[in-house]
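Asker: The file below is data37.cif, mmCIF, C-alpha atoms:
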```cif
data_my_file
loop_
_atom_site.group_PDB
_atom_site.id
_atom_site.type_symbol
_atom_site.label_atom_id
_atom_site.label_comp_id
_atom_site.auth_asym_id
_atom_site.auth_seq_id
_atom_site.Cartn_x
_atom_site.Cartn_y
_atom_site.Cartn_z
ATOM 1 C CA MET A 16 -28.736 19.214 -12.516
ATOM 2 C CA LYS A 17 -29.786 19.014 -8.874
ATOM 3 C CA ARG A 18 -27.556 15.949 -8.314
ATOM 4 C CA ILE A 19 -24.556 17.624 -9.968
ATOM 5 C CA THR A 20 -24.999 20.774 -7.841
ATOM 6 C CA TYR A 21 -25.275 18.694 -4.673
ATOM 7 C CA LEU A 22 -22.177 16.703 -5.606
ATOM 8 C CA PHE A 23 -20.142 19.833 -6.328
ATOM 9 C CA GLY A 24 -20.926 21.279 -2.908
ATOM 10 C CA PHE A 25 -19.624 18.206 -1.165
ATOM 11 C CA ILE A 26 -16.492 18.074 -3.286
ATOM 12 C CA LEU A 27 -15.483 21.405 -1.763
ATOM 13 C CA ILE A 28 -16.075 20.065 1.746
ATOM 14 C CA ALA A 29 -14.187 16.859 1.024
ATOM 15 C CA CYS A 30 -11.241 18.765 -0.377
ATOM 16 C CA PHE A 31 -10.741 20.549 2.923
ATOM 17 C CA MET A 32 -11.278 17.369 4.940
ATOM 18 C CA ALA A 33 -9.118 15.097 2.823
ATOM 19 C CA ALA A 34 -6.473 17.359 1.329
ATOM 20 C CA GLY A 35 -4.458 15.638 -1.320
ATOM 21 C CA MET A 36 -6.820 12.699 -1.637
ATOM 22 C CA VAL A 37 -9.027 14.054 -4.439
ATOM 23 C CA SER A 38 -8.903 16.811 -6.982
ATOM 24 C CA CYS A 39 -10.851 19.971 -6.066
ATOM 25 C CA GLU A 40 -12.199 20.351 -9.583
ATOM 26 C CA ALA A 41 -15.825 19.473 -10.227
ATOM 27 C CA PRO A 42 -16.308 16.390 -12.413
ATOM 28 C CA ALA A 43 -17.174 17.156 -16.011
ATOM 29 C CA GLU A 44 -19.982 14.599 -16.012
ATOM 30 C CA GLU A 45 -21.734 12.143 -13.802
ATOM 31 C CA LYS A 46 -20.497 8.573 -13.929
ATOM 32 C CA PHE A 47 -22.370 5.296 -13.595
ATOM 33 C CA ILE A 48 -20.859 3.973 -10.350
ATOM 34 C CA GLY A 49 -22.316 1.643 -7.719
ATOM 35 C CA ILE A 50 -21.975 1.344 -3.954
ATOM 36 C CA GLN A 51 -21.725 -1.873 -1.955
ATOM 37 C CA LEU A 52 -24.124 -1.283 0.935
ATOM 38 C CA TRP A 53 -21.895 -3.243 3.321
ATOM 39 C CA SER A 54 -19.862 -0.010 3.348
ATOM 40 C CA VAL A 55 -22.722 1.709 5.198
ATOM 41 C CA ARG A 56 -24.185 -1.325 6.934
ATOM 42 C CA GLY A 57 -24.818 0.445 10.252
ATOM 43 C CA ASP A 58 -26.632 3.262 8.496
ATOM 44 C CA MET A 59 -28.687 0.782 6.466
ATOM 45 C CA ASN A 60 -29.672 -1.026 9.648
ATOM 46 C CA ASP A 61 -30.678 2.178 11.475
ATOM 47 C CA ASP A 62 -32.215 4.217 8.659
ATOM 48 C CA PRO A 63 -32.345 2.480 5.268
ATOM 49 C CA GLU A 64 -34.434 5.144 3.542
ATOM 50 C CA GLY A 65 -32.356 8.071 4.799
ATOM 51 C CA THR A 66 -29.170 6.252 3.819
ATOM 52 C CA LEU A 67 -30.405 5.473 0.314
ATOM 53 C CA GLN A 68 -31.519 9.075 -0.100
ATOM 54 C CA ALA A 69 -28.044 10.322 0.862
ATOM 55 C CA LEU A 70 -26.343 7.868 -1.527
ATOM 56 C CA GLY A 71 -28.584 8.857 -4.409
ATOM 57 C CA GLU A 72 -28.121 12.572 -3.806
ATOM 58 C CA MET A 73 -24.346 12.321 -3.628
ATOM 59 C CA GLY A 74 -24.297 10.743 -7.089
ATOM 60 C CA TYR A 75 -24.298 6.930 -6.888
ATOM 61 C CA SER A 76 -26.171 5.292 -9.760
ATOM 62 C CA PHE A 77 -26.839 1.826 -8.350
ATOM 63 C CA VAL A 78 -26.549 -0.210 -5.181
ATOM 64 C CA GLU A 79 -25.177 -3.647 -4.500
ATOM 65 C CA SER A 80 -26.944 -5.005 -1.454
ATOM 66 C CA ALA A 81 -25.545 -7.187 1.316
ATOM 67 C CA GLY A 82 -28.728 -7.711 3.285
ATOM 68 C CA TYR A 83 -30.528 -10.694 1.751
ATOM 69 C CA GLN A 84 -32.263 -13.025 4.177
ATOM 70 C CA ASN A 85 -35.304 -15.296 3.926
ATOM 71 C CA GLY A 86 -36.527 -13.863 0.643
ATOM 72 C CA GLN A 87 -36.137 -10.242 1.729
ATOM 73 C CA PHE A 88 -33.620 -7.421 1.338
ATOM 74 C CA TYR A 89 -33.061 -5.406 4.503
ATOM 75 C CA ARG A 90 -36.285 -6.847 5.948
ATOM 76 C CA MET A 91 -38.266 -5.614 2.911
ATOM 77 C CA ASP A 92 -40.055 -7.380 0.096
ATOM 78 C CA PRO A 93 -37.723 -7.396 -2.954
ATOM 79 C CA ALA A 94 -40.059 -5.221 -5.040
ATOM 80 C CA ASP A 95 -40.522 -2.773 -2.151
ATOM 81 C CA PHE A 96 -36.779 -2.458 -1.640
ATOM 82 C CA ALA A 97 -36.246 -1.927 -5.375
ATOM 83 C CA ALA A 98 -38.907 0.801 -5.365
ATOM 84 C CA LEU A 99 -37.209 2.524 -2.421
ATOM 85 C CA VAL A 100 -33.846 2.460 -4.211
ATOM 86 C CA GLU A 101 -35.435 3.787 -7.406
ATOM 87 C CA LYS A 102 -37.184 6.553 -5.448
ATOM 88 C CA TYR A 103 -33.749 8.095 -4.940
ATOM 89 C CA GLY A 104 -32.599 7.762 -8.538
ATOM 90 C CA MET A 105 -30.671 4.494 -8.283
ATOM 91 C CA LYS A 106 -31.134 0.852 -9.263
ATOM 92 C CA HIS A 107 -30.812 -2.304 -7.167
ATOM 93 C CA LEU A 108 -28.498 -3.911 -9.691
ATOM 94 C CA SER A 109 -26.515 -6.552 -7.790
ATOM 95 C CA THR A 110 -26.229 -8.373 -4.483
ATOM 96 C CA HIS A 111 -23.814 -10.253 -2.280
ATOM 97 C CA VAL A 112 -25.523 -13.391 -1.037
ATOM 98 C CA TYR A 113 -23.998 -16.438 0.654
ATOM 99 C CA ARG A 114 -24.768 -19.978 1.695
ATOM 100 C CA PRO A 115 -21.942 -22.400 2.599
ATOM 101 C CA LEU A 116 -21.074 -25.402 0.469
ATOM 102 C CA PRO A 117 -23.518 -28.138 1.522
ATOM 103 C CA SER A 118 -22.682 -31.697 2.429
ATOM 104 C CA GLU A 119 -23.863 -34.366 0.027
ATOM 105 C CA ASP A 120 -27.014 -35.049 2.036
ATOM 106 C CA GLY A 121 -27.738 -31.320 2.254
ATOM 107 C CA TRP A 122 -27.461 -30.614 -1.479
ATOM 108 C CA ASP A 123 -31.191 -30.641 -2.252
ATOM 109 C CA GLU A 124 -31.978 -28.339 0.664
ATOM 110 C CA ALA A 125 -29.244 -25.925 -0.432
ATOM 111 C CA MET A 126 -30.559 -25.864 -3.997
ATOM 112 C CA GLN A 127 -34.062 -25.126 -2.730
ATOM 113 C CA TRP A 128 -32.584 -22.208 -0.774
ATOM 114 C CA TRP A 129 -30.839 -20.915 -3.874
ATOM 115 C CA ASP A 130 -33.992 -21.282 -5.943
ATOM 116 C CA GLN A 131 -35.825 -19.109 -3.404
ATOM 117 C CA ALA A 132 -32.992 -16.571 -3.455
ATOM 118 C CA ILE A 133 -33.002 -16.449 -7.245
ATOM 119 C CA GLU A 134 -36.768 -15.873 -7.291
ATOM 120 C CA ALA A 135 -36.353 -13.014 -4.796
ATOM 121 C CA HIS A 136 -33.803 -11.452 -7.144
ATOM 122 C CA VAL A 137 -36.131 -11.870 -10.115
ATOM 123 C CA SER A 138 -39.088 -10.315 -8.288
ATOM 124 C CA GLY A 139 -36.911 -7.385 -7.227
ATOM 125 C CA GLY A 140 -35.475 -6.817 -10.696
ATOM 126 C CA VAL A 141 -31.911 -7.639 -9.620
ATOM 127 C CA SER A 142 -29.645 -8.630 -12.488
ATOM 128 C CA TYR A 143 -26.533 -9.977 -10.719
ATOM 129 C CA MET A 144 -26.080 -12.145 -7.630
ATOM 130 C CA ILE A 145 -22.592 -12.699 -6.257
ATOM 131 C CA VAL A 146 -21.122 -15.028 -3.645
ATOM 132 C CA PRO A 147 -18.637 -12.895 -1.655
ATOM 133 C CA THR A 148 -16.520 -15.563 0.048
ATOM 134 C CA MET A 149 -15.729 -19.245 0.570
ATOM 135 C CA ASP A 150 -14.999 -20.949 3.861
ATOM 136 C CA ARG A 151 -11.407 -21.862 4.728
ATOM 137 C CA SER A 152 -11.872 -25.548 4.010
ATOM 138 C CA ALA A 153 -12.081 -24.675 0.306
ATOM 139 C CA PHE A 154 -8.342 -24.039 0.342
ATOM 140 C CA GLU A 155 -7.324 -27.305 1.960
ATOM 141 C CA SER A 156 -7.218 -29.263 -1.297
ATOM 142 C CA LEU A 157 -7.953 -29.071 -4.997
ATOM 143 C CA GLU A 158 -10.678 -31.622 -4.389
ATOM 144 C CA ASN A 159 -12.428 -29.144 -2.106
ATOM 145 C CA LEU A 160 -11.952 -26.317 -4.591
ATOM 146 C CA GLN A 161 -13.515 -28.490 -7.291
ATOM 147 C CA LYS A 162 -16.567 -28.965 -5.074
ATOM 148 C CA TRP A 163 -16.939 -25.188 -4.857
ATOM 149 C CA ALA A 164 -16.498 -24.841 -8.621
ATOM 150 C CA ASP A 165 -19.225 -27.450 -9.150
ATOM 151 C CA TYR A 166 -21.419 -25.620 -6.624
ATOM 152 C CA PHE A 167 -20.950 -22.329 -8.458
ATOM 153 C CA ASN A 168 -21.689 -23.912 -11.819
ATOM 154 C CA GLU A 169 -24.959 -25.362 -10.542
ATOM 155 C CA ILE A 170 -26.088 -22.107 -8.908
ATOM 156 C CA GLY A 171 -25.115 -20.281 -12.082
ATOM 157 C CA ARG A 172 -27.127 -22.695 -14.203
ATOM 158 C CA ARG A 173 -30.235 -22.176 -12.063
ATOM 159 C CA ALA A 174 -29.768 -18.410 -12.053
ATOM 160 C CA LYS A 175 -29.294 -18.270 -15.825
ATOM 161 C CA GLU A 176 -32.566 -20.137 -16.347
ATOM 162 C CA ARG A 177 -34.305 -17.242 -14.566
ATOM 163 C CA GLY A 178 -32.380 -14.477 -16.324
ATOM 164 C CA VAL A 179 -30.005 -13.646 -13.453
ATOM 165 C CA LYS A 180 -26.211 -13.689 -13.792
ATOM 166 C CA PHE A 181 -24.167 -15.374 -11.050
ATOM 167 C CA GLY A 182 -20.664 -14.459 -9.940
ATOM 168 C CA PHE A 183 -17.945 -14.784 -7.314
ATOM 169 C CA HIS A 184 -16.086 -12.023 -5.457
ATOM 170 C CA ASN A 185 -12.465 -12.589 -4.407
ATOM 171 C CA HIS A 186 -10.406 -11.686 -1.379
ATOM 172 C CA ALA A 187 -6.621 -12.131 -1.072
ATOM 173 C CA ILE A 188 -6.724 -15.806 -0.088
ATOM 174 C CA GLU A 189 -7.861 -16.888 -3.559
ATOM 175 C CA PHE A 190 -4.420 -15.909 -4.873
ATOM 176 C CA ALA A 191 -2.623 -18.365 -2.579
ATOM 177 C CA GLU A 192 -1.566 -21.756 -3.903
ATOM 178 C CA VAL A 193 -3.385 -24.991 -3.193
ATOM 179 C CA GLU A 194 -1.325 -28.063 -4.069
ATOM 180 C CA GLY A 195 0.862 -25.879 -6.285
ATOM 181 C CA VAL A 196 -2.030 -24.235 -8.139
ATOM 182 C CA VAL A 197 -3.275 -20.674 -7.570
ATOM 183 C CA ALA A 198 -6.799 -21.097 -6.202
ATOM 184 C CA MET A 199 -8.234 -18.252 -8.289
ATOM 185 C CA ASP A 200 -6.821 -19.759 -11.485
ATOM 186 C CA PHE A 201 -8.348 -23.106 -10.616
ATOM 187 C CA LEU A 202 -11.770 -21.588 -9.969
ATOM 188 C CA ILE A 203 -11.783 -19.610 -13.194
ATOM 189 C CA GLU A 204 -10.650 -22.601 -15.247
ATOM 190 C CA ASN A 205 -13.174 -24.960 -13.662
ATOM 191 C CA THR A 206 -16.263 -22.769 -13.853
ATOM 192 C CA ASP A 207 -18.281 -22.350 -17.022
ATOM 193 C CA PRO A 208 -17.939 -18.798 -18.429
ATOM 194 C CA GLU A 209 -21.566 -19.040 -19.547
ATOM 195 C CA LEU A 210 -22.633 -19.617 -15.933
ATOM 196 C CA VAL A 211 -20.130 -17.882 -13.636
ATOM 197 C CA PHE A 212 -18.514 -14.450 -13.865
ATOM 198 C CA TYR A 213 -15.964 -12.882 -11.506
ATOM 199 C CA GLN A 214 -16.216 -9.629 -9.598
ATOM 200 C CA LEU A 215 -12.585 -8.643 -9.178
ATOM 201 C CA ASP A 216 -11.700 -6.761 -6.020
ATOM 202 C CA LEU A 217 -8.850 -4.461 -7.037
ATOM 203 C CA TYR A 218 -7.595 -4.057 -3.473
ATOM 204 C CA TRP A 219 -7.562 -7.727 -2.566
ATOM 205 C CA ILE A 220 -5.832 -8.854 -5.746
ATOM 206 C CA ALA A 221 -3.054 -6.375 -4.929
ATOM 207 C CA GLU A 222 -2.914 -7.699 -1.373
ATOM 208 C CA GLY A 223 -2.673 -11.189 -2.852
ATOM 209 C CA GLY A 224 0.420 -10.123 -4.808
ATOM 210 C CA LYS A 225 -1.085 -10.444 -8.281
ATOM 211 C CA ASP A 226 -1.531 -8.127 -11.252
ATOM 212 C CA PRO A 227 -5.122 -7.677 -12.468
ATOM 213 C CA VAL A 228 -4.045 -6.980 -16.043
ATOM 214 C CA ASP A 229 -2.247 -10.327 -16.123
ATOM 215 C CA TYR A 230 -5.566 -11.977 -15.241
ATOM 216 C CA PHE A 231 -7.392 -10.001 -17.915
ATOM 217 C CA ARG A 232 -4.897 -11.231 -20.521
ATOM 218 C CA ARG A 233 -5.146 -14.840 -19.428
ATOM 219 C CA TYR A 234 -8.912 -14.862 -18.845
ATOM 220 C CA PRO A 235 -10.354 -12.114 -21.074
ATOM 221 C CA GLY A 236 -13.973 -11.265 -20.579
ATOM 222 C CA ARG A 237 -14.417 -13.108 -17.266
ATOM 223 C CA PHE A 238 -14.440 -10.024 -15.013
ATOM 224 C CA LEU A 239 -17.829 -8.427 -15.480
ATOM 225 C CA MET A 240 -17.487 -6.217 -12.398
ATOM 226 C CA TYR A 241 -14.795 -4.498 -10.333
ATOM 227 C CA HIS A 242 -14.941 -3.859 -6.616
ATOM 228 C CA VAL A 243 -13.026 -0.616 -6.214
ATOM 229 C CA LYS A 244 -11.549 -0.665 -2.740
ATOM 230 C CA ASP A 245 -8.554 0.741 -0.868
ATOM 231 C CA HIS A 246 -7.190 0.275 2.617
ATOM 232 C CA GLU A 247 -9.479 3.107 3.702
ATOM 233 C CA GLU A 248 -11.299 5.587 1.448
ATOM 234 C CA ILE A 249 -10.488 5.104 -2.228
ATOM 235 C CA GLY A 250 -7.218 6.865 -2.943
ATOM 236 C CA ALA A 251 -6.361 7.293 0.737
ATOM 237 C CA SER A 252 -3.497 4.827 0.967
ATOM 238 C CA GLY A 253 -1.694 5.802 -2.223
ATOM 239 C CA LYS A 254 -0.765 2.124 -2.571
ATOM 240 C CA ILE A 255 -3.286 1.027 -5.200
ATOM 241 C CA ASP A 256 -2.858 2.103 -8.808
ATOM 242 C CA PHE A 257 -6.343 1.757 -10.265
ATOM 243 C CA ARG A 258 -5.436 3.170 -13.674
ATOM 244 C CA PRO A 259 -4.200 -0.068 -15.358
ATOM 245 C CA ALA A 260 -7.373 -1.950 -14.446
ATOM 246 C CA TYR A 261 -9.534 0.829 -15.848
ATOM 247 C CA GLU A 262 -7.448 1.243 -18.972
ATOM 248 C CA ASN A 263 -7.894 -2.489 -19.626
ATOM 249 C CA ALA A 264 -11.586 -2.629 -18.740
ATOM 250 C CA GLU A 265 -12.594 -3.834 -22.204
ATOM 251 C CA LEU A 266 -10.129 -6.726 -22.022
ATOM 252 C CA ALA A 267 -11.433 -7.629 -18.571
ATOM 253 C CA GLY A 268 -15.024 -7.551 -19.756
ATOM 254 C CA MET A 269 -15.903 -5.003 -17.053
ATOM 255 C CA ARG A 270 -19.318 -3.365 -17.358
ATOM 256 C CA TYR A 271 -19.895 -2.201 -13.782
ATOM 257 C CA HIS A 272 -17.704 -0.904 -10.969
ATOM 258 C CA VAL A 273 -18.713 -0.810 -7.325
ATOM 259 C CA VAL A 274 -17.232 1.238 -4.470
ATOM 260 C CA GLU A 275 -16.565 -0.581 -1.204
ATOM 261 C CA VAL A 276 -15.142 0.971 1.975
ATOM 262 C CA GLU A 277 -14.461 -1.096 5.090
ATOM 263 C CA GLN A 278 -11.943 1.038 7.023
ATOM 264 C CA TYR A 279 -12.802 4.665 7.662
ATOM 265 C CA ASN A 280 -11.153 7.986 8.494
ATOM 266 C CA TYR A 281 -14.615 9.583 8.791
ATOM 267 C CA GLU A 282 -18.167 8.472 9.363
ATOM 268 C CA PRO A 283 -19.008 5.767 6.796
ATOM 269 C CA ILE A 284 -21.461 7.953 4.858
ATOM 270 C CA GLU A 285 -18.747 10.591 4.435
ATOM 271 C CA SER A 286 -16.127 7.990 3.514
ATOM 272 C CA VAL A 287 -18.248 6.642 0.670
ATOM 273 C CA ARG A 288 -18.841 10.199 -0.510
ATOM 274 C CA ILE A 289 -15.093 10.922 -0.648
ATOM 275 C CA SER A 290 -14.513 7.605 -2.438
ATOM 276 C CA LEU A 291 -17.119 8.415 -5.066
ATOM 277 C CA GLU A 292 -15.610 11.862 -5.619
ATOM 278 C CA TYR A 293 -12.192 10.301 -6.161
ATOM 279 C CA LEU A 294 -13.534 8.198 -9.027
ATOM 280 C CA MET A 295 -15.697 11.015 -10.384
ATOM 281 C CA ASN A 296 -12.545 13.118 -10.725
ATOM 282 C CA ALA A 297 -10.232 10.368 -12.008
ATOM 283 C CA ASP A 298 -9.478 11.093 -15.662
ATOM 284 C CA TYR A 299 -9.015 7.394 -16.454
ATOM 285 C CA VAL A 300 -12.558 6.468 -15.319
ATOM 286 C CA LYS A 301 -15.133 6.635 -18.123
ATOM 287 C CA ALA A 302 -18.687 7.818 -17.579
ATOM 288 C CA ASP A 303 -20.187 4.427 -18.425
ATOM 289 C CA TYR A 304 -18.914 0.939 -19.283
ATOM 290 C CA ARG A 305 -22.244 -0.682 -20.174
#
```
Would it be possible to restate this file's structure as C-alpha cells?

Answerer:
Amino acid sequence: MKRITYLFGFILIACFMAAGMVSCEAPAEEKFIGIQLWSVRGDMNDDPEGTLQALGEMGYSFVESAGYQNGQFYRMDPADFAALVEKYGMKHLSTHVYRPLPSEDGWDEAMQWWDQAIEAHVSGGVSYMIVPTMDRSAFESLENLQKWADYFNEIGRRAKERGVKFGFHNHAIEFAEVEGVVAMDFLIENTDPELVFYQLDLYWIAEGGKDPVDYFRRYPGRFLMYHVKDHEEIGASGKIDFRPAYENAELAGMRYHVVEVEQYNYEPIESVRISLEYLMNADYVKADYR
C-alpha cells in the first residue's frame, strides 16, 4: 500500500510536468516492470543505495544492471548488491554484460572470463545475462556474423550449465542487410533457441524499419524480454506504438519488460519515473507476464 500511495503522488506531479504524455488516473494495480540501470548510470555511480531506494519506492519490481566488472556489480560483491536491491523491494533479475569477440588465440582466455562472469551471476542470484551490442566488424560479412553466432552459442551453453539464461539485445544496425541477408534474421537462425534468447528493443527495431510482430510470427518464442524505449521518456515522442508488441507478447515469448531511457527532458531519475507511469497507466500492459 505504501508503494501505491507513493506512486500515486508522483503521478500527479508528472501530469503537470509532462502534460499529454501520461494519463492522470492512478493505475488500478502495480505491474511487474524492470528498469535498465544504464538509464540512471550517473545516479548509480554517485549514490547507488539512494538510487535503488528511489526506484523501488516509485514502483519498479526488478533491475537490469549495466555495471558488471571483475566479478562485481557496481563495485559490490554480487550477493551484497542483490541484498541491496532486495532491501528496496526489487530483484536483480538481469544484466547487460559485454566482452568483444576474441581472436582464435584469445578464445580460451575469453571463455575463462565468461565463466567468471557466469559464476558472479549465479552467486548474486541473477537469472538472465545479456550481451547488449556487437562491434562494427560483425556486419562486414556473413562469415563474421557466424563467428558471433558461434560465440553466443558457446556462452549460452556455459551459462545454461549453471542455470543462467543468455541473450542478445539489438540496436537498429542488426536490421541492416549483410550480403543480402538481414543481420538479425541470420543471428536468430544461427543461434540455438535452447541456448540464446533475444531481448527485443522496441525503439531500435522501429528505427531499423522493421515490424516486431512480423518477427514474432517468424520466430515465435525467441523474444523472452522487451526493452521498452522511446526517443526520450516512454511515450514522449508519439512515434512508437507499443500496443501491437504487447498484444502479441505471448507469441513473442515475452516474460519480462524493461524500461530504458537514454535521452531526457528532465533529470534521469524523474524521466524513469514518468516512463514507468506511462506503462502503469497503459491499458494494453498486463500486470505480469511471468

Asker: Anything within 12 Å of (-32.6, 5.3, 4.5): list those residues as a list in words, counting all atoms listed in the file and sticking to the file's coordinates.

Answerer: Leu52, Val55, Arg56, Gly57, Asp58, Met59, Asn60, Asp61, Asp62, Pro63, Glu64, Gly65, Thr66, Leu67, Gln68, Ala69, Leu70, Gly71, Glu72, Tyr89, Phe96, Leu99, Val100, Lys102, Tyr103 and Ile284 of chain A

Asker: Might you pull out every residue within 12 Å of Gln51 of chain A, with all atoms listed in the file counted and same-chain residues fewer than 3 positions away left off, and present them as a PyMOL selection string?

Answerer: chain A and resi 48+54-56+59+67+70+75-82+107-111+145+147+216+241-244+271-277+283-284+287+290-291

Asker: For the structure provided, state which residues fall under the PyMOL selection byres ((chain A and resi 206) around 8), and present them as a tab-separated table (two decimals) with C-alpha atoms, in the coordinates of the input.

Answerer:
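After the write, out_0.tsv holds the following:
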```tsv
chain	number	residue	atom	x	y	z
A	164	ALA	CA	-16.50	-24.84	-8.62
A	165	ASP	CA	-19.23	-27.45	-9.15
A	167	PHE	CA	-20.95	-22.33	-8.46
A	168	ASN	CA	-21.69	-23.91	-11.82
A	202	LEU	CA	-11.77	-21.59	-9.97
A	203	ILE	CA	-11.78	-19.61	-13.19
A	204	GLU	CA	-10.65	-22.60	-15.25
A	205	ASN	CA	-13.17	-24.96	-13.66
A	207	ASP	CA	-18.28	-22.35	-17.02
A	208	PRO	CA	-17.94	-18.80	-18.43
A	210	LEU	CA	-22.63	-19.62	-15.93
A	211	VAL	CA	-20.13	-17.88	-13.64
```

Asker: Quick one: pull the distance between atom CA of Gln214 of chain A and atom CA of Arg237 of chain A, Å, one decimal.

Answerer: 8.6 Å

Asker: Find the distance between atom CA of Phe257 of chain A and atom CA of Ala221 of chain A and write it in Å to one decimal.

Answerer: 10.3 Å

Asker: Name the residues in contact with Arg305 of chain A at a cut-off of 9 Å, using all atoms listed in the file, excluding same-chain residues fewer than 2 positions from it; report them as a list in words.

Answerer: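 The residues satisfying every condition are Phe47, Met269, Arg270, Tyr271 and Asp303 of chain A.
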